[in-house]
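Reviewing the structure listed below.
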Amino acid sequence: MDLLNGFVALANFVLIPAIAYGSQLALGALGVTLIYGILRFSNFAHGDTMAVGTMFAVLTTWGLQAMGVSLGPLPTALLAIPIGILGATALVLLTDRYVYKFYRAQKAKPVILVIVSMGVMFIYNGLTRIIIGPDDYRFADGERFVISARTFRDMTGLEEGLALRTTQVITVVTAVIVVAALFWFLNKTRTGKSMRAFSDNEDLALLSGINPERVVLVTWLIVASLATVAGVLYGLDKSFKAFTYFQLLLPIFAAAIVGGLGNPLGAIAGGFVIAFSEVGITYAWKKVLVYLMPPALEPEGLVQILSTEYKFAVSFVILVIVLLFRPTGLFRGKSI
Amino acid sequence: MIEVKNLHRHFGGFHAVDGATLEIETGSITGLVGPNGAGKTTLFNVVAGVLPPTSGQVFMAGEDITGLPPHQLFHKGLLRTFQIAHEFASMTCRENLMMVPGDQTGEMLWNTWFGRKRIADEERALRAKADEVLEFLTIEHLADHKAGQVSGGQKKLLELGRTMMVDARIVFLDEVGAGVNRTLLNTIGDAIIRLNTERGYTFCMIEHDMDFIGRLCDPVIVMAEGKVLSKGTIDEIKADERVIEAYLGTGLKNKDAVL
């Protein structure tokens with residue numbers, strides 16, 4: 001019984017939140033990795049692209065809520081995702097047309113594009129704050145729990161409760177669908193193959209008659225969609241605040257680099273590595289250990305390695321370790 | 001077929017191509033030789049649209065193609081291969097060939113979902129053609145091997161195969177024979193001659209192996225220090241004093257040692 005209680009506590013406080021968070025990071029890291037693989041620069045504006053897409057989705061959600069449209073137990077925001085994607089795509093394509101394209105034509109070095117993307121980041125950042133404001137906004141509605149802690153306790157008679165939030169389930173399900181669709185697209189369709197070819201060997205792709213502008217356009221389209229989906233899922237799970245999305249940039253980059261930049265599979269693995277480390281290291285393990293350890297060895301302190309304020313330090317440390325010992329990442333992406 | 005007029009390409013103060021003027025006749029296999037650093041590869045890169053010229057013009061069949069991007073030149077039938085073989089390493093040899101004809105139906109995002117029948121037909125035709133090309137090059141057993149894992153010589157064949165996936169008009173071969181064993185070199189040579197006579201491809205090839213050049217090329221153009229030095233049959237070139245000088249510097253006249 002104690003063992004079961006311990007496992008339920010572990011699932012409730014570590015496994016489920018980390019899986020949901022990992023899915024969100026994975027979606028974000030996929031966007032970063034695609035840009036790196038195909039356009040060949042680290043896109044610092046990615047976090048704020050997520051914010052912009054989510055902002056459009058939030059505004060649409062509020063509009064739909066005002067009109068009385070709802071999805072029943074599911075959050076209304078799911079209906080708003082396509083609008084969010086449209087908004088983010090439009091903005092990103094405009095940016096590409098008037099900013100990145102100029103530097104591409106000059107064959108600018110990647111490091112210059114990185115700095116350019118930082119400028120874009122600040123502009124997106126300001127844009128979000130001007131349109132929606134800098135505060136914390138909630139836009140989740142519908143059923144809050146699939147299983148609440150109390151129901152679970154009543155159901156099983158265990159001491160520990162297991163809460164499964166709707167948003168967590170939606171996050172994981174959506175992430176699985178999106179990733180499956182993306183991999184099908186990259187491996188099976190001609191457009192996806194041209195993207196891979198472009199990422200493999202740009203010179204050869206050009207000399208094979210592949211139109212680079214079209215590859216770039218499709219890449220941005222996919223990246224904007226991934227960013228919006230990731231952003232909305234994160235916002236549903238927690239809340240929407242422009243600054244939080246900017247902060248997400250660090251774990252997202254850590255995930256992409258840990259997995260190997262330019263490698264989509266790596267981005268997903270990296271997302272989960274970062275999420276599990278972050279949650280695992282900032283969680284107070286006492287609750288779980290109380291059940292698992294013999295009474296004599298029960299811990300007195302909280303057994304929390306780092307307090308939650310330091311969660312970003314975890315990404316940093318992992319990033320440094322990976323860059324020191326395996327700069328190409330777990331899945332052998334391009335070294336940076 | 002190709003006319004290059006007073007072409008310059010400078011890298012900072014270094015004049016890699018310094019006023020080259022040359023013509024490649026339709027239907028010929030033109031050799032381009034010259035000592036290292038003569039500007040041959042840079043000339044290729046400028047003509048193939050990889051590098052913009054500093055000044056000068058390039059014409060293809062009378063049309064000004066100066067500075068057009070590679071994928072547009074590709075659609076005009078101007079193709080090139082690389083000195084160091086390039087390949088899409090993570091794809092199979094067959095897929096590598098199937099990538100080639102650009103602007104396929106499936107490249108439009110819309111068609112990925114709404115033009116599936118057309119894409120399937122196109123893919124089938126491409127696949128048949130890729131297999132045919134692999135057979136022509138005698139590497140059909142490599143069809144399903146990852147292109148990143150086949151040997152250097154086989155990659156060179158694949159490079160040549162890429163040009164056969166479309167109806168090329170002129171193909172620029174950058175040291176297609178370098179680092180390839182004799183047997184494979186003969187296969188490549190045969191393929192080039194067949195493509196020239198049967199399909200009417202015009203070739204322009206950079207090469208250092210004089211036997212290989214002698215077997216395939218007429219005429220031969222000699223470049224040195226970014227300029228065209230002379231042009232003629234292989235025997236004329238070998239007899240040209242200026243060419244020997246460019247290779248050896250003045251003073252040394254033992255031409256048989258080099259050419």
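How things are named: the first chain in the structure tokens is A, the next is B, and so on; residues count from 1 in each chain; ligands count from 1 in the order shown.
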Where does chain B meet chain A within 6 Å, residue by residue, with the nearest atom pair and distance in Å to one decimal for each, counting only C-alpha atoms, listed by chain and rising number, as JSON lines?
{"residue": "B:Pro70", "atom": "CA", "partner": "A:Leu207", "partner_atom": "CA", "distance": 5.5}
{"residue": "B:His71", "atom": "CA", "partner": "A:Gly209", "partner_atom": "CA", "distance": 4.2}
{"residue": "B:Phe74", "atom": "CA", "partner": "A:Gly209", "partner_atom": "CA", "distance": 5.4}
{"residue": "B:Phe88", "atom": "CA", "partner": "A:Asp200", "partner_atom": "CA", "distance": 5.5}
{"residue": "B:Val100", "atom": "CA", "partner": "A:Ser208", "partner_atom": "CA", "distance": 4.7}
{"residue": "B:Gly102", "atom": "CA", "partner": "A:Gly209", "partner_atom": "CA", "distance": 4.1}
{"residue": "B:Gly106", "atom": "CA", "partner": "A:Arg190", "partner_atom": "CA", "distance": 4.9}
{"residue": "B:Glu107", "atom": "CA", "partner": "A:Thr191", "partner_atom": "CA", "distance": 4.4}
Next item on the list: Run DSSP on the backbone and give me the residues of region 13-259 of chain B it puts in alpha helix (DSSP H), as a ChimeraX atom specification.
Entry: /B:40-47,70-75,93-98,109-114,116-136,152-164,182-198,210-216,234-239,241-248
Checklist line | d(CA of Leu93 (chain A), CA of Ala224 (chain A)) in Å | finding: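 Distance between the two atoms: 9.1 Å.
Counting from CA of Asp96 (chain A), the distance to CA of Ile222 (chain A) is 13.7 Å.
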Checklist line | Residues within 12 Å of Val223 (chain A), only C-alpha atoms, excluding chain neighbours under 3 positions, as a VMD selection string | finding: chain A and resid 27 to 39 43 45 to 47 49 to 50 53 85 to 86 88 to 93 178 182 216 to 220 226 to 231
Checklist line | region 16-25 of chain A surroundings by only C-alpha atoms, 6 Å radius, close-in-sequence under 5 positions cut, as a ChimeraX atom specification | finding: /A:11,168,172,175,230,252,271-272,275-276
Just asking: which residues within region 44-228 of chain A are strand (DSSP E) according to DSSP, as a short mmCIF file (atom, residue, chain, number, x, y, z; two decimals) with C-alpha atoms, in the first residue's frame?
data_model
loop_
_atom_site.label_atom_id
_atom_site.label_comp_id
_atom_site.auth_asym_id
_atom_site.auth_seq_id
_atom_site.Cartn_x
_atom_site.Cartn_y
_atom_site.Cartn_z
CA PHE A 145 -10.14 17.87 -14.16
CA VAL A 146 -10.43 14.52 -15.83
CA ILE A 147 -9.86 13.00 -12.40
CA LEU A 164 -5.26 14.63 -13.88
CA ARG A 165 -6.07 17.98 -15.37
#
Next item on the list: For Leu216 (chain B), list every protein, DNA or RNA residue within 8 Å, evaluated using only C-alpha atoms, and leave out those in the same chain fewer than 4 positions away; present the list as a list in words.
Entry: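 Near Leu216 (chain B), the qualifying residues are Ile29, Gly189, Ile193 and Phe212 of chain B.
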The selected residues should be written to file as a PDB file, in the first residue's frame (atoms: N, CA and C atoms).
ATOM      1  N   ILE B  29      32.362  18.473 -75.890  1.00  0.00           N
ATOM      2  CA  ILE B  29      32.806  18.154 -74.540  1.00  0.00           C
ATOM      3  C   ILE B  29      34.060  18.997 -74.348  1.00  0.00           C
ATOM      4  N   GLY B 189      33.678   7.881 -67.921  1.00  0.00           N
ATOM      5  CA  GLY B 189      33.995   8.365 -69.259  1.00  0.00           C
ATOM      6  C   GLY B 189      32.996   7.874 -70.291  1.00  0.00           C
ATOM      7  N   ILE B 193      30.420  10.110 -72.661  1.00  0.00           N
ATOM      8  CA  ILE B 193      30.367  10.045 -74.127  1.00  0.00           C
ATOM      9  C   ILE B 193      28.976   9.655 -74.610  1.00  0.00           C
ATOM     10  N   PHE B 212      42.563  11.285 -69.481  1.00  0.00           N
ATOM     11  CA  PHE B 212      41.102  11.351 -69.445  1.00  0.00           C
ATOM     12  C   PHE B 212      40.607  12.488 -70.343  1.00  0.00           C
TER      13      PHE B 212
END
Note to self: I want to know what sits within 9 Å of Pro69 (chain B), based on only C-alpha atoms, with residues of the same chain fewer than 4 positions away left out; could you give that as a PyMOL selection string?
What the structure shows: (chain A and resi 206) or (chain B and resi 48-52+73-74)
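The residue that comes closest to Leu71 (chain A), out of A:Glu213, A:Ala140, A:Met1, A:Ile177 and on the basis of only C-alpha atoms, is A:Ala140.
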Item checked: Pairwise distance for CA of Ala269 (chain A) and CA of Val176 (chain A), rounded to one decimal in Å ->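 About the pair CA of Ala269 (chain A) and CA of Val176 (chain A): they are 13.0 Å apart.
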